[in-house]
Amino acid sequence: MIEGNLIEDFRQTVDKGNQISEALGDGTDLALHSLFKNGVFDDVPVFGLFAKACNVISDIQAYRFCKKIYKFLFYTQNYNRKAMNSFWEEYSSANKENGYEMMLSVLDKVDNINKVEVMANLLKAKLDGKLTIDNFIRLTSSLQIVPYVDLKRLPDYVESIGTRHDTYMLLAAGLLYNSEIGVDGVGKDDGSRYQLNDNGLLFVKYGLGVDVSQCVKSESPIPTATKADIDEMWAKAMEDANKNSIY
């Protein structure tokens with residue numbers, strides 16, 4: 001059990017930004033071990049809580065959580081401080097929760113250390129105005145769902161392709177749409193095809209750094225459809241259906 005005010009220590013550490021660059025080293029596991037061993041992290045608030053746990057091999061959960069926080073700090077250390085402060089306020093408001101606590105929860109749920117860099121990329125896109133706060137929250141939720149082995153396959157779906165083993169998790173994460181329904185409607189060999197939806201395109205472009213500009217109509221964040229928009233689309237669909245009816 002790790003005691004102490006983890007959320008407050010995390011907030012203080014994040015707010016230090018590039019002031020802790022030297023303490024963060026080069027972002028490798030070897031550096032993390034060395035920094036703990038040499039006591040470099042003694043003045044970095046959030047790591048003081050983990051120092052003891054990380055020296056106990058059996059406490060793997062605490063160790064991995066520590067690694068994820070370390071990676072997050074390493075990747076975001078040079079992000080603009082003013083933009084970061086605005087982000088934490090917006091993130092807290094959107095979630096109706098403490099933003100720092102929410103970020104710790106997200107990091108805890110991420111199952112692969114390599115995903116932390118993807119999350120940092122999404123955060124940078126949010127700070128640069130490429131994503132709305134709602135986009136960011138949705139995409140980080142998708143990041144938690146998809147196994148890393150399937151995440152690497154996501155750019156394949158820039159083009160419409162047939163069902164594969166990775167399709168199911170990517171579809172469940174809200175990153176694909178059924179671009180062509182097969183004969184039976186379900187199953188690996190029914191001819192169904194899938195492609196990146198709007199969320200998937202944003203994830204691949206800003207999270208994975210793959211150029212999909214040819215597939216994105218606008219660089220602006222995708223707005224949320226209003227009830228009026230949905231009613232209008234539904235009315236248009238019904239009108240077209242009536243025109244094409246044989247009865």
# chains A, B, ... in the order shown; residues from 1 in each chain; ligands from 1

$ residues_around --residues "A:Ile181" --least-positions-apart "6" --cutoff "8 Å" --atoms "only C-alpha atoms" --output "tab-separated table (two decimals) with C-alpha atoms, in the first residue's frame"
chain	number	residue	atom	x	y	z
A	191	GLY	CA	-17.15	-10.19	-47.00
A	192	SER	CA	-17.62	-7.35	-44.52
A	193	ARG	CA	-15.09	-4.53	-44.70

$ residues_around --residues "A:Pro155" --least-positions-apart "6" --cutoff "10 Å" --atoms "only C-alpha atoms" --output "list in words"
Gln195, Leu196, Gly200, Leu201, Phe203, Val204, Lys205, Leu208, Gly209, Val210, Asp211 and Val212 of chain A

$ closest_residue --among "A:Met102, A:Leu131, A:Val118, A:Ala235" --to "A:Tyr148" --atoms "only C-alpha atoms"
A:Val118

$ atom_distance --atom1 "atom CA of A:His165" --atom2 "atom CA of A:Met119"
24.1 Å

$ residues_around --residues "A:Phe72" --least-positions-apart "2" --cutoff "10 Å" --atoms "only C-alpha atoms" --output "ChimeraX atom specification"
/A:14,27,66-70,74-77,103,107,113,115-120

$ write_last_selection --atoms "C-alpha atoms" --output "PDB file, in the first residue's frame"
ATOM      1  CA  VAL A  14       3.676  18.012 -13.528  1.00  0.00           C
ATOM      2  CA  GLY A  27      13.370   8.129 -20.574  1.00  0.00           C
ATOM      3  CA  CYS A  66       5.579   4.406 -11.423  1.00  0.00           C
ATOM      4  CA  LYS A  67       7.054   3.722 -14.865  1.00  0.00           C
ATOM      5  CA  LYS A  68       3.945   5.085 -16.576  1.00  0.00           C
ATOM      6  CA  ILE A  69       4.020   8.304 -14.561  1.00  0.00           C
ATOM      7  CA  TYR A  70       7.727   8.624 -15.295  1.00  0.00           C
ATOM      8  CA  PHE A  74       9.384  12.576 -19.636  1.00  0.00           C
ATOM      9  CA  TYR A  75       7.323  13.033 -22.808  1.00  0.00           C
ATOM     10  CA  THR A  76       5.485  16.143 -21.595  1.00  0.00           C
ATOM     11  CA  GLN A  77       8.275  17.942 -19.715  1.00  0.00           C
ATOM     12  CA  MET A 103      -5.017  11.478 -15.562  1.00  0.00           C
ATOM     13  CA  LEU A 107      -2.299   6.065 -16.698  1.00  0.00           C
ATOM     14  CA  ILE A 113       4.118   1.344 -21.329  1.00  0.00           C
ATOM     15  CA  LYS A 115       0.890   3.611 -24.957  1.00  0.00           C
ATOM     16  CA  VAL A 116       2.038   6.478 -22.737  1.00  0.00           C
ATOM     17  CA  GLU A 117       3.874   8.070 -25.663  1.00  0.00           C
ATOM     18  CA  VAL A 118       0.700   7.821 -27.756  1.00  0.00           C
ATOM     19  CA  MET A 119      -1.234   9.555 -24.986  1.00  0.00           C
ATOM     20  CA  ALA A 120       1.425  12.275 -24.781  1.00  0.00           C
TER      21      ALA A 120
END

$ atom_distance --atom1 "atom CA of A:Asn114" --atom2 "atom CA of A:Leu139"
15.5 Å

$ closest_residue --among "A:Lys152, A:Arg64, A:Lys16, A:Arg138" --to "A:Lys82" --atoms "only C-alpha atoms"
A:Lys16

$ residues_around --residues "A:Phe87" --least-positions-apart "6" --cutoff "9 Å" --atoms "only C-alpha atoms" --output "NGL selection string"
:A and (99 or 123 or 126-127 or 133)

$ write_last_selection --atoms "N, CA and C atoms" --output "mmCIF file, in the first residue's frame"
data_model
loop_
_atom_site.group_PDB
_atom_site.id
_atom_site.type_symbol
_atom_site.label_atom_id
_atom_site.label_comp_id
_atom_site.auth_asym_id
_atom_site.auth_seq_id
_atom_site.Cartn_x
_atom_site.Cartn_y
_atom_site.Cartn_z
ATOM 1 N N GLY A 99 -8.705 16.955 -12.507
ATOM 2 C CA GLY A 99 -8.036 16.527 -13.731
ATOM 3 C C GLY A 99 -6.786 15.714 -13.486
ATOM 4 N N LEU A 123 -2.118 14.490 -26.220
ATOM 5 C CA LEU A 123 -2.138 15.682 -25.375
ATOM 6 C C LEU A 123 -1.514 16.862 -26.110
ATOM 7 N N LYS A 126 -3.917 18.248 -28.489
ATOM 8 C CA LYS A 126 -4.931 19.050 -27.786
ATOM 9 C C LYS A 126 -4.379 20.441 -27.467
ATOM 10 N N LEU A 127 -3.150 20.510 -26.982
ATOM 11 C CA LEU A 127 -2.552 21.802 -26.644
ATOM 12 C C LEU A 127 -2.377 22.671 -27.888
ATOM 13 N N ILE A 133 -11.338 19.016 -26.277
ATOM 14 C CA ILE A 133 -11.177 18.243 -25.037
ATOM 15 C C ILE A 133 -12.001 16.960 -25.108
#

$ closest_residue --among "A:Leu151, A:Leu73, A:Ala94, A:Ala62" --to "A:Gly207" --atoms "only C-alpha atoms"
A:Leu151

$ residues_around --residues "A:Asn197" --least-positions-apart "3" --cutoff "6 Å" --atoms "only C-alpha atoms" --output "list in words"
Leu175, Leu176, Tyr177 and Gly200 of chain A

$ write_last_selection --atoms "N, CA and C atoms" --output "compact mmCIF listing (two decimals), in the first residue's frame"
# COMPACT_ATOMS: atom_id res chain seq x y z
N LEU A 175 -13.11 3.08 -33.20
CA LEU A 175 -12.17 3.67 -34.15
C LEU A 175 -12.44 3.27 -35.60
N LEU A 176 -13.33 2.31 -35.81
CA LEU A 176 -13.65 1.83 -37.15
C LEU A 176 -15.15 1.93 -37.39
N TYR A 177 -15.53 1.87 -38.68
CA TYR A 177 -16.94 1.71 -39.03
C TYR A 177 -17.05 0.62 -40.09
N GLY A 200 -11.07 7.37 -35.52
CA GLY A 200 -9.91 6.58 -35.91
C GLY A 200 -8.89 7.39 -36.68

$ closest_residue --among "A:Glu90, A:Glu180, A:Asp198, A:Glu8" --to "A:Thr163" --atoms "only C-alpha atoms"
A:Glu180

$ atom_distance --atom1 "atom CA of A:Gly174" --atom2 "atom CA of A:Val146"
10.0 Å

$ select_by_dssp --residues "stretch 84-182 of chain A" --states "strand (DSSP E)" --output "JSON, numbers by chain"
{"A": [161, 162, 176, 177, 178, 179, 180]}
